[in-house]
Amino acid sequence: MGPSPQESAREEMMAVLKANGSASDYEKALTKFVAAGGSSDDSLAKVGASVYGLSLAPPEPPAKKGKAPPAAIVPFDFMKQFMKDTLVAYGVPEAEAETSAEVLIEADRRGIDSHGIGRLKPIYCDRMDQGILFPHKPIDVVRESPTSALVDGNLGLGLYVGPYCMKLAIEKAKKHGVGFVVAQNSTHYGIAGYYATMASDAGCVGLTGTNARPSIAPTFGTEPMLGTNPLCFGIPTKDGFPFCIDCATSVNQRGKIEKYSRDGKPTPKGAVIDSAGVERTDTDGILRDMQLGKCALTPVGGAGDDMGGYKGYGWATTVELLCTAFQSGPFGEAVCGIDRATGAKKPMPLGHFFLAIDIAPLCPLDTFERNSTKLLDALRGSRKSPLAGGRIWTAGELEHDARVARHAQGGLSVPYPLQKNMTDLRDKIPALKAKYAKLPFE
Ligand SMILES: NC(=O)c1ccc[n+]([C@@H]2O[C@H](COP(=O)([O-])OP(=O)(O)OC[C@H]3O[C@@H](n4cnc5c(N)ncnc54)[C@H](O)[C@@H]3O)[C@@H](O)[C@H]2O)c1
């Protein structure tokens with residue numbers, strides 16, 4: 001059996017990109033792809049559209065010609081329920097769907113737009129559709145000691161595997177001072193900060209990390225080898241929110257480069273390196289070449305060693321080691337999600353780690369929190385650069401500010417492409433169609 005019309009059109013798109021072909025050739029292939037049922041969320045479609053400046057807007061005309069419909073404020077409770085109902089409709093059991101929706105909506109509350117409703121369709125629903133992520137698999141505790149555990153997620157949603165593991169780490173910490181849990185065969189677990197904050201909310205110091213599909217090249221290398229591998233600490237304070245440093249170990253994530261493209265900006269030098277060793281700044285060319293495996297992200301500190309890129313490289317490697325070495329787990333090409341020979345999607349069995357350190361056995365929690373805030377206050381109150389905005393933040397503060405601002409505005413602002421994702425899911429899934437005849441922006 002030959003390739004389907006959709007697959008042929010996709011191959012055509014790839015061929016145009018590889019050959020640096022014309023925008024009109026690409027547009028023709030893209031039109032065929034969409035007509036054959038290809039999704040505008042397809043990564044290749046997105047990259048091509050970005051490279052050639054084409055619109056991936058759905059065929060229905062927007063409300064006013066030439067102008068996308070405006071973003072709409074959607075209350076958090078509504079959005080969480082919609083995400084939960086979607087997951088339940090996919091076969092995720094009620095309790096796991098509740099947990100998963102809570103991890104997703106927490107990203108939206110914190111202003112981490114890339115990891116909330118923005119991820120529901122492309123990262124979770126589409127992958128369940130593709131059969132590389134499973135709506136429900138049992139979580140197995142493979143090995144356990146009083147202070148540690150190895151947990152198997154069996155390729156179920158990382159969004160419920162992660163909370164299970166951090167809860168277990170906290171329970172162990174409360175009994176024995178520390179708890180360390182490693183997950184194997186998990187999948188994308190969302191924002192690392194969710195898990196670190198579970199620990200800090202429980203009076204512990206929390207530490208977590210996950211590996212991911214390969215994107216970062218080692219210092220002095222050019223091949224994408226390491227995931228963007230966030231390394232995240234959560235530490236209780238008296239500020240009303242924890243210190244929470246929650247970020248990737250790469251300078252940029254791919255999403256940020258897509259944003260440079262939308263804004264028509266070059267990519268900062270040092271954030272991306274190509275296979276010839278050139279530090280690239282041509283944002284649209286970078287997006288194309290990343291798709292073709294010819295560009296890699298650089299670790300925190302950037303390309304080479306002038307700005308300490310080897311430090312970020314070391315942290316990204318540390319995360320990859322902690323996520324894989326305890327469980328003899330896969331990394332790099334083995335978690336890239338694509339069978340290079342056939343182009344077929346394949347599962348990405350990821351590893352995570354979770355550490356909780358109970359504070360009380362070492363220091364009264366109240367004293368610890370006062371000490372934390374004393375230091376953070378000193379940082380925030382220190383001399384400001386006259387050339388910057390006149391304020392110093394500490395990690396976790398911007399997310400707290402976003403939460404306050406979003407609550408004040410009545411929820412999260414949902415741009416048109418995400419509204420479209422929601423209506424697509426609703427129109428496709430009968431249970432959602434019955435419950436959500438009208439979404440808030442319709
Ligand atoms: N699951 C995965 O595979 C995966 C991979 C990579 C990233 N992520 C998630 O993506 C999210 C975003 O990651 P990112 O690398 O784009 O983060 P980012 O570059 O936006 O940095 C965010 C962190 O930096 C802090 N911060 C930002 N500006 C600051 C300032 N001026 N002063 C002090 N602190 C400041 C924030 O409080 C936050 O802790 C995170 O939640 C991360 O966990 C997930």
# chains A, B, ... in the order shown; residues from 1 in each chain; ligands from 1
$ closest_atom_pairs --of "chain A" --to "ligand 1" --cutoff "6 Å" --atoms "only C-alpha atoms and all ligand atoms" --output "Markdown table"
| residue | atom | partner | partner_atom_place_in_ligand_line | distance |
| --- | --- | --- | --- | --- |
| A:His188 | CA | ligand 1 | 1 (N) | 5.2 |
| A:Tyr189 | CA | ligand 1 | 1 (N) | 5.1 |
| A:Gly190 | CA | ligand 1 | 1 (N) | 4.4 |
| A:Ile191 | CA | ligand 1 | 41 (O) | 3.8 |
| A:Ala192 | CA | ligand 1 | 43 (O) | 3.8 |
| A:Gly193 | CA | ligand 1 | 41 (O) | 5.6 |
| A:Ala212 | CA | ligand 1 | 3 (O) | 4.9 |
| A:Thr228 | CA | ligand 1 | 6 (C) | 4.9 |
| A:Asn229 | CA | ligand 1 | 5 (C) | 5.3 |
| A:Pro230 | CA | ligand 1 | 6 (C) | 5.0 |
| A:Cys244 | CA | ligand 1 | 39 (O) | 5.3 |
| A:Ile245 | CA | ligand 1 | 39 (O) | 3.5 |
| A:Asp246 | CA | ligand 1 | 39 (O) | 3.9 |
| A:Cys247 | CA | ligand 1 | 15 (O) | 3.5 |
| A:Ala248 | CA | ligand 1 | 15 (O) | 3.6 |
| A:Gln253 | CA | ligand 1 | 16 (O) | 5.8 |
| A:Trp393 | CA | ligand 1 | 32 (N) | 4.3 |
| A:Thr394 | CA | ligand 1 | 33 (C) | 4.2 |
| A:Ala395 | CA | ligand 1 | 37 (O) | 3.5 |
| A:Gly396 | CA | ligand 1 | 37 (O) | 3.8 |
| A:Glu397 | CA | ligand 1 | 37 (O) | 5.5 |
| A:Leu398 | CA | ligand 1 | 37 (O) | 5.2 |
| A:Glu399 | CA | ligand 1 | 37 (O) | 5.9 |
$ select_by_dssp --residues "segment 116-340 of chain A" --states "strand (DSSP E or B)" --output "PyMOL selection string"
chain A and resi 134+140-144+148-152+156+178-186+204-210+216+226+231-235+243-247+250+272-274+279+295-297+299+338
$ residues_around --residues "Ile216 of chain A" --least-positions-apart "6" --cutoff "7 Å" --atoms "only C-alpha atoms" --output "list of chain:residue names"
A:Pro224, A:Met225, A:Leu226, A:Gly227, A:Thr228, A:Ser250, A:Ala296, A:Leu297, A:Thr298, A:Pro299
$ write_last_selection --atoms "C-alpha atoms" --output "PDB file, in the first residue's frame"
ATOM      1  CA  PRO A 224      20.995  17.853  18.973  1.00  0.00           C
ATOM      2  CA  MET A 225      21.720  15.351  21.750  1.00  0.00           C
ATOM      3  CA  LEU A 226      20.115  16.503  24.999  1.00  0.00           C
ATOM      4  CA  GLY A 227      16.554  17.563  25.757  1.00  0.00           C
ATOM      5  CA  THR A 228      15.759  21.084  26.885  1.00  0.00           C
ATOM      6  CA  SER A 250      18.865  25.594  26.977  1.00  0.00           C
ATOM      7  CA  ALA A 296      20.547  22.624  17.446  1.00  0.00           C
ATOM      8  CA  LEU A 297      19.763  24.752  20.474  1.00  0.00           C
ATOM      9  CA  THR A 298      22.654  25.684  22.724  1.00  0.00           C
ATOM     10  CA  PRO A 299      22.803  25.181  26.489  1.00  0.00           C
TER      11      PRO A 299
END
$ residues_around --residues "segment 254-266 of chain A" --least-positions-apart "4" --cutoff "7 Å" --atoms "only C-alpha atoms" --output "PDB file with N, CA and C atoms, in the first residue's frame"
ATOM      1  N   SER A  50       5.799  29.198   8.767  1.00  0.00           N
ATOM      2  CA  SER A  50       6.621  30.240   9.365  1.00  0.00           C
ATOM      3  C   SER A  50       7.745  30.676   8.415  1.00  0.00           C
ATOM      4  N   THR A 281      21.366  33.328  13.318  1.00  0.00           N
ATOM      5  CA  THR A 281      20.413  34.322  13.837  1.00  0.00           C
ATOM      6  C   THR A 281      19.188  34.461  12.925  1.00  0.00           C
ATOM      7  N   ASP A 282      19.233  33.812  11.733  1.00  0.00           N
ATOM      8  CA  ASP A 282      18.119  33.935  10.766  1.00  0.00           C
ATOM      9  C   ASP A 282      16.957  33.049  11.208  1.00  0.00           C
ATOM     10  N   THR A 283      16.039  33.663  11.946  1.00  0.00           N
ATOM     11  CA  THR A 283      15.015  32.891  12.653  1.00  0.00           C
ATOM     12  C   THR A 283      14.271  31.896  11.756  1.00  0.00           C
ATOM     13  N   ASP A 284      13.784  32.333  10.591  1.00  0.00           N
ATOM     14  CA  ASP A 284      12.976  31.413   9.778  1.00  0.00           C
ATOM     15  C   ASP A 284      13.820  30.280   9.203  1.00  0.00           C
TER      16      ASP A 284
END
$ atom_distance --atom1 "atom CA of Gly312 of chain A" --atom2 "atom CA of Asn252 of chain A"
11.7 Å
$ residues_around --residues "Phe354 of chain A" --least-positions-apart "4" --cutoff "7 Å" --atoms "only C-alpha atoms" --output "mmCIF file with C-alpha atoms, in the first residue's frame"
data_model
loop_
_atom_site.group_PDB
_atom_site.id
_atom_site.type_symbol
_atom_site.label_atom_id
_atom_site.label_comp_id
_atom_site.auth_asym_id
_atom_site.auth_seq_id
_atom_site.Cartn_x
_atom_site.Cartn_y
_atom_site.Cartn_z
ATOM 1 C CA CYS A 165 5.897 10.472 41.953
ATOM 2 C CA MET A 166 6.291 13.784 43.770
ATOM 3 C CA ALA A 169 8.706 11.535 47.385
ATOM 4 C CA PHE A 180 13.751 10.485 45.957
ATOM 5 C CA VAL A 181 11.684 9.021 43.137
ATOM 6 C CA VAL A 182 12.674 8.266 39.569
ATOM 7 C CA LEU A 207 13.841 19.400 43.113
ATOM 8 C CA THR A 208 12.763 17.876 39.844
#
$ select_by_dssp --residues "segment 111-357 of chain A" --states "alpha helix (DSSP H)" --output "NGL selection string"
:A and (117-119 or 126-129 or 158-176 or 192-201 or 254-262 or 283-291 or 309-324)
$ residues_around --residues "Phe331 of chain A" --least-positions-apart "2" --cutoff "12 Å" --atoms "only C-alpha atoms" --output "PyMOL selection string"
chain A and resi 184-185+210-215+224-227+229+317+319-325+327-329+333-337+348-352
$ write_last_selection --atoms "C-alpha atoms" --output "PDB file, in the first residue's frame"
ATOM      1  CA  GLN A 184      10.730   5.529  33.734  1.00  0.00           C
ATOM      2  CA  ASN A 185       8.555   5.081  30.636  1.00  0.00           C
ATOM      3  CA  THR A 210      12.851  15.636  33.111  1.00  0.00           C
ATOM      4  CA  ASN A 211      14.548  14.680  29.907  1.00  0.00           C
ATOM      5  CA  ALA A 212      12.943  15.420  26.561  1.00  0.00           C
ATOM      6  CA  ARG A 213      13.472  14.841  22.849  1.00  0.00           C
ATOM      7  CA  PRO A 214      16.977  15.893  21.770  1.00  0.00           C
ATOM      8  CA  SER A 215      17.448  19.588  20.961  1.00  0.00           C
ATOM      9  CA  PRO A 224      20.995  17.853  18.973  1.00  0.00           C
ATOM     10  CA  MET A 225      21.720  15.351  21.750  1.00  0.00           C
ATOM     11  CA  LEU A 226      20.115  16.503  24.999  1.00  0.00           C
ATOM     12  CA  GLY A 227      16.554  17.563  25.757  1.00  0.00           C
ATOM     13  CA  ASN A 229      15.802  19.310  30.268  1.00  0.00           C
ATOM     14  CA  THR A 317      23.649  16.501  31.066  1.00  0.00           C
ATOM     15  CA  VAL A 319      19.315  16.141  34.241  1.00  0.00           C
ATOM     16  CA  GLU A 320      19.641  13.616  31.403  1.00  0.00           C
ATOM     17  CA  LEU A 321      21.805  11.386  33.632  1.00  0.00           C
ATOM     18  CA  LEU A 322      19.449  11.516  36.616  1.00  0.00           C
ATOM     19  CA  CYS A 323      16.500  10.773  34.313  1.00  0.00           C
ATOM     20  CA  THR A 324      18.102   7.798  32.591  1.00  0.00           C
ATOM     21  CA  ALA A 325      20.991   6.211  34.527  1.00  0.00           C
ATOM     22  CA  GLN A 327      16.586   3.101  35.053  1.00  0.00           C
ATOM     23  CA  SER A 328      18.850   2.259  32.083  1.00  0.00           C
ATOM     24  CA  GLY A 329      16.507   4.503  30.119  1.00  0.00           C
ATOM     25  CA  GLU A 333      17.553   9.663  19.191  1.00  0.00           C
ATOM     26  CA  ALA A 334      15.665   6.964  21.129  1.00  0.00           C
ATOM     27  CA  VAL A 335      13.269   9.605  22.524  1.00  0.00           C
ATOM     28  CA  CYS A 336      13.013  11.771  19.396  1.00  0.00           C
ATOM     29  CA  GLY A 337       9.487  10.532  18.641  1.00  0.00           C
ATOM     30  CA  MET A 348       8.983   8.929  23.570  1.00  0.00           C
ATOM     31  CA  PRO A 349       9.664   7.062  26.829  1.00  0.00           C
ATOM     32  CA  LEU A 350      10.918   9.804  29.127  1.00  0.00           C
ATOM     33  CA  GLY A 351      12.452   9.769  32.574  1.00  0.00           C
ATOM     34  CA  HIS A 352      11.916  12.220  35.424  1.00  0.00           C
TER      35      HIS A 352
END
$ closest_residue --among "A:Ile357, A:Cys125, A:Ile286, A:Ala437" --to "Thr423 of chain A" --atoms "only C-alpha atoms"
A:Ala437
$ residues_around --residues "Tyr164 of chain A" --least-positions-apart "3" --cutoff "10 Å" --atoms "only C-alpha atoms" --output "PyMOL selection string"
chain A and resi 96+99+139+151+153+158-161+167-169+181+183+195
$ closest_residue --among "A:Glu27, A:Asp306, A:Glu11, A:Asp126" --to "Asp42 of chain A" --atoms "only C-alpha atoms"
A:Asp126
$ closest_residue --among "A:Ile112, A:Ala402, A:Val88, A:Val414" --to "Ile429 of chain A" --atoms "only C-alpha atoms"
A:Val88
$ closest_residue --among "A:Leu44, A:Ile235, A:Ala405, A:Val142" --to "Asp201 of chain A" --atoms "only C-alpha atoms"
A:Ile235
$ closest_residue --among "A:Ala276, A:Leu155, A:Met290, A:Val178" --to "Leu133 of chain A" --atoms "only C-alpha atoms"
A:Leu155
$ closest_residue --among "A:Lys374, A:Lys80, A:Gln409, A:Cys232" --to "Val205 of chain A" --atoms "only C-alpha atoms"
A:Cys232
$ atom_distance --atom1 "atom CA of Ala356 of chain A" --atom2 "atom CA of Lys174 of chain A"
8.9 Å
$ atom_distance --atom1 "atom CA of Asn421 of chain A" --atom2 "atom CA of Phe76 of chain A"
16.9 Å
